[in-house]
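**Student:** Below is the structure I would like to discuss, written out as structure tokens.
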Amino acid sequence: MKAIITLLAITCYSFIHGQIMHQTVREDKTHEYWFSLDQYQKPMNYAIEIAHLGGNINKLNGKISGNKKSGLVVISDTKGKKLFEKELGPDLDFEFATDQKEIVIEFAVDGFATYSKKVSAETLSVLVLKLQPQPQDEVYQINSKKELSETELNSIMECVNNCMQHSLNKELKSCENKDQYTISIQI
């Protein structure tokens, strides 16, 4: 019965504190919180410049700075025939010229949802792609001896987010206060 109530609580309750998905007070008066790191994932704007070279030739040029993730760009005609495909490094740099008036751009970056759009290359000078982050699959659990304030919860979630960044290689345990609370990943 307790499991059914817990599952019902997970599906029915909206977020209690920021990104806290679930909060339980156990029989032994300890507290359990579940959260994800979705709130820390930010969209990325990526601009593709389109230069009209003369005649019906258009040159597409894309690049970004400050990115750490690789990607893939695929440009097709409107019938699905691939005109260009390139795996991209962290600068997401590519250049492509075409005589097609309409093209389909598919743009994928690690950690973001694939962007796909049909565009008229001859009428644009800049195409801005707003890449949305993919939802995080991991759910983290805090087991606490006392109820945590919203400030404490936010501080713990920020610490976990910093530990999970690829550029840092910190242990999740570094965010714990063994006397007060522990943190684990739900599997």
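By order in the structure tokens, chains are A, B, ...; within a chain, residues start at 1; ligands start at 1, following the order shown.
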Pull the closest atom pair for each residue of region 69-89 of chain A that gets at most 8 Å from region 106-112 of chain A, along with the distance in Å to one decimal, counting only C-alpha atoms, ordering rows by chain and then ascending residue number, as JSON lines.
**Tutor:**
{"residue": "A:Lys69", "atom": "CA", "partner": "A:Asp110", "partner_atom": "CA", "distance": 5.8}
{"residue": "A:Ser70", "atom": "CA", "partner": "A:Val109", "partner_atom": "CA", "distance": 5.9}
{"residue": "A:Gly71", "atom": "CA", "partner": "A:Val109", "partner_atom": "CA", "distance": 4.0}
{"residue": "A:Leu72", "atom": "CA", "partner": "A:Ala108", "partner_atom": "CA", "distance": 5.2}
{"residue": "A:Val73", "atom": "CA", "partner": "A:Phe107", "partner_atom": "CA", "distance": 4.6}
{"residue": "A:Val74", "atom": "CA", "partner": "A:Glu106", "partner_atom": "CA", "distance": 5.1}
{"residue": "A:Ile75", "atom": "CA", "partner": "A:Glu106", "partner_atom": "CA", "distance": 6.3}
**Student:** List every residue of region 55-174 of chain A that DSSP, applied to the backbone of this structure, assigns to strand (DSSP E), and report them as a PDB file with C-alpha atoms, in the first residue's frame.
**Tutor:**
ATOM      1  CA  ILE A  57      24.104  29.793 -55.083  1.00  0.00           C
ATOM      2  CA  ASN A  58      23.809  30.216 -51.322  1.00  0.00           C
ATOM      3  CA  LYS A  59      26.580  29.540 -48.815  1.00  0.00           C
ATOM      4  CA  LEU A  60      25.691  28.403 -45.294  1.00  0.00           C
ATOM      5  CA  ASN A  61      28.210  28.988 -42.531  1.00  0.00           C
ATOM      6  CA  GLY A  62      27.791  28.004 -38.888  1.00  0.00           C
ATOM      7  CA  GLY A  71      27.397  17.577 -33.022  1.00  0.00           C
ATOM      8  CA  LEU A  72      26.180  16.599 -36.473  1.00  0.00           C
ATOM      9  CA  VAL A  73      24.641  18.614 -39.291  1.00  0.00           C
ATOM     10  CA  VAL A  74      22.704  17.051 -42.175  1.00  0.00           C
ATOM     11  CA  ILE A  75      21.353  19.160 -45.036  1.00  0.00           C
ATOM     12  CA  SER A  76      18.906  17.555 -47.445  1.00  0.00           C
ATOM     13  CA  LYS A  82      21.261  14.209 -48.458  1.00  0.00           C
ATOM     14  CA  LEU A  83      23.274  17.062 -49.882  1.00  0.00           C
ATOM     15  CA  PHE A  84      25.698  17.468 -46.978  1.00  0.00           C
ATOM     16  CA  GLU A  85      26.541  15.633 -43.751  1.00  0.00           C
ATOM     17  CA  LYS A  86      29.315  16.447 -41.319  1.00  0.00           C
ATOM     18  CA  GLU A  87      30.266  15.448 -37.792  1.00  0.00           C
ATOM     19  CA  LEU A  88      31.137  18.596 -35.903  1.00  0.00           C
ATOM     20  CA  PHE A  94      30.667  23.963 -40.972  1.00  0.00           C
ATOM     21  CA  GLU A  95      30.442  25.539 -44.407  1.00  0.00           C
ATOM     22  CA  PHE A  96      28.233  24.428 -47.292  1.00  0.00           C
ATOM     23  CA  ALA A  97      27.152  25.931 -50.626  1.00  0.00           C
ATOM     24  CA  THR A  98      24.045  24.886 -52.540  1.00  0.00           C
ATOM     25  CA  GLU A 102      14.590  25.095 -50.189  1.00  0.00           C
ATOM     26  CA  ILE A 103      16.526  22.776 -47.908  1.00  0.00           C
ATOM     27  CA  VAL A 104      15.954  20.782 -44.752  1.00  0.00           C
ATOM     28  CA  ILE A 105      18.489  21.299 -41.970  1.00  0.00           C
ATOM     29  CA  GLU A 106      18.875  18.693 -39.240  1.00  0.00           C
ATOM     30  CA  PHE A 107      21.167  19.752 -36.448  1.00  0.00           C
ATOM     31  CA  ALA A 108      22.091  17.592 -33.466  1.00  0.00           C
ATOM     32  CA  VAL A 109      24.369  18.444 -30.540  1.00  0.00           C
ATOM     33  CA  TYR A 115      16.534  20.354 -34.523  1.00  0.00           C
ATOM     34  CA  SER A 116      14.977  19.863 -37.948  1.00  0.00           C
ATOM     35  CA  LYS A 117      13.537  22.609 -40.127  1.00  0.00           C
ATOM     36  CA  LYS A 118      12.672  23.242 -43.769  1.00  0.00           C
ATOM     37  CA  VAL A 119      14.008  26.646 -44.817  1.00  0.00           C
ATOM     38  CA  SER A 120      14.096  28.813 -47.903  1.00  0.00           C
ATOM     39  CA  VAL A 126      20.631  34.334 -40.753  1.00  0.00           C
ATOM     40  CA  LEU A 127      18.899  31.290 -39.345  1.00  0.00           C
ATOM     41  CA  VAL A 128      18.934  31.017 -35.541  1.00  0.00           C
ATOM     42  CA  LEU A 129      18.389  27.526 -34.178  1.00  0.00           C
ATOM     43  CA  LYS A 130      17.196  27.367 -30.577  1.00  0.00           C
ATOM     44  CA  LEU A 131      18.389  23.968 -29.389  1.00  0.00           C
ATOM     45  CA  VAL A 139      16.945  10.998 -10.576  1.00  0.00           C
ATOM     46  CA  TYR A 140      18.876  11.789  -7.413  1.00  0.00           C
ATOM     47  CA  GLN A 141      17.795  11.007  -3.883  1.00  0.00           C
ATOM     48  CA  ILE A 142      18.624  12.870  -0.669  1.00  0.00           C
ATOM     49  CA  ASN A 143      18.129  11.017   2.604  1.00  0.00           C
ATOM     50  CA  SER A 144      18.106  13.526   5.444  1.00  0.00           C
TER      51      SER A 144
END
**Student:** Check chain A with DSSP on the backbone and list each residue it calls helix (DSSP H, G or I), as a PyMOL selection string.
**Tutor:** chain A and resi 2-12+38-40+150-164+172-175
**Student:** Kindly save the residues from that selection, with C-alpha atoms included, as a compact mmCIF listing (two decimals), in the first residue's frame.
**Tutor:**
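result-v2.txt, freshly written:
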# COMPACT_ATOMS: atom_id res chain seq x y z
CA LYS A 2 2.87 2.35 0.87
CA ALA A 3 4.39 1.79 -2.59
CA ILE A 4 1.09 2.66 -4.29
CA ILE A 5 0.78 5.88 -2.27
CA THR A 6 4.38 6.79 -3.11
CA LEU A 7 3.81 6.17 -6.84
CA LEU A 8 0.60 8.16 -6.71
CA ALA A 9 2.42 11.01 -4.99
CA ILE A 10 5.11 11.01 -7.66
CA THR A 11 2.61 11.21 -10.50
CA CYS A 12 0.18 13.66 -8.88
CA ASP A 38 16.65 19.54 -15.68
CA GLN A 39 16.44 23.09 -14.28
CA TYR A 40 20.18 23.54 -14.85
CA GLU A 150 14.51 25.30 0.18
CA THR A 151 17.88 27.09 0.37
CA GLU A 152 19.62 23.91 1.58
CA LEU A 153 17.94 21.84 -1.15
CA ASN A 154 18.95 24.33 -3.85
CA SER A 155 22.52 24.34 -2.57
CA ILE A 156 22.68 20.52 -2.66
CA MET A 157 21.16 20.37 -6.16
CA GLU A 158 23.64 22.98 -7.42
CA CYS A 159 26.53 21.01 -5.92
CA VAL A 160 25.31 17.80 -7.59
CA ASN A 161 24.92 19.63 -10.91
CA ASN A 162 28.50 20.93 -10.65
CA CYS A 163 29.79 17.43 -9.87
CA MET A 164 28.00 15.97 -12.88
CA LEU A 172 28.82 13.00 -5.86
CA LYS A 173 29.71 12.16 -2.25
CA SER A 174 31.52 15.52 -1.98
CA CYS A 175 28.06 17.15 -1.78
**Student:** What does the distance between CA of Glu147 (chain A) and CA of Thr30 (chain A) come to in Å, to one decimal place?
**Tutor:**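 Here the two named atoms are 7.6 Å from each other.
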**Student:** Record the distance separating CA of Pro133 (chain A) and CA of Lys42 (chain A), expressed in Å with one decimal.
**Tutor:**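 Taking CA of Pro133 (chain A) as the start and CA of Lys42 (chain A) as the end point, the length is 6.5 Å.
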**Student:** Calculate how many Å separate CA of Gly89 (chain A) from CA of Asp137 (chain A), rounding to one decimal.
**Tutor:**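 Between CA of Gly89 (chain A) and CA of Asp137 (chain A) the gap works out to 24.5 Å.
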**Student:** So, counting only C-alpha atoms, which residue among A:Thr114, A:Gln100, A:Ser184, A:Asn177 is closest to Gln134 (chain A)?
**Tutor:**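 Going through A:Thr114, A:Gln100, A:Ser184, A:Asn177 one by one, the smallest distance to Gln134 (chain A) is for A:Thr114.
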**Student:** Out of A:Asn45, A:Lys145, A:Ile187, A:Lys178, which residue has the shortest atom-to-atom distance to Glu32 (chain A) when counting only C-alpha atoms?
**Tutor:**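 When distances to Glu32 (chain A) are compared using only C-alpha atoms, the smallest one comes from A:Lys145.
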**Student:** Which residue, A:Leu37, A:Met44, A:Ala51, A:Leu92, has the smallest gap to Ala113 (chain A) when you use only C-alpha atoms?
**Tutor:** A:Met44
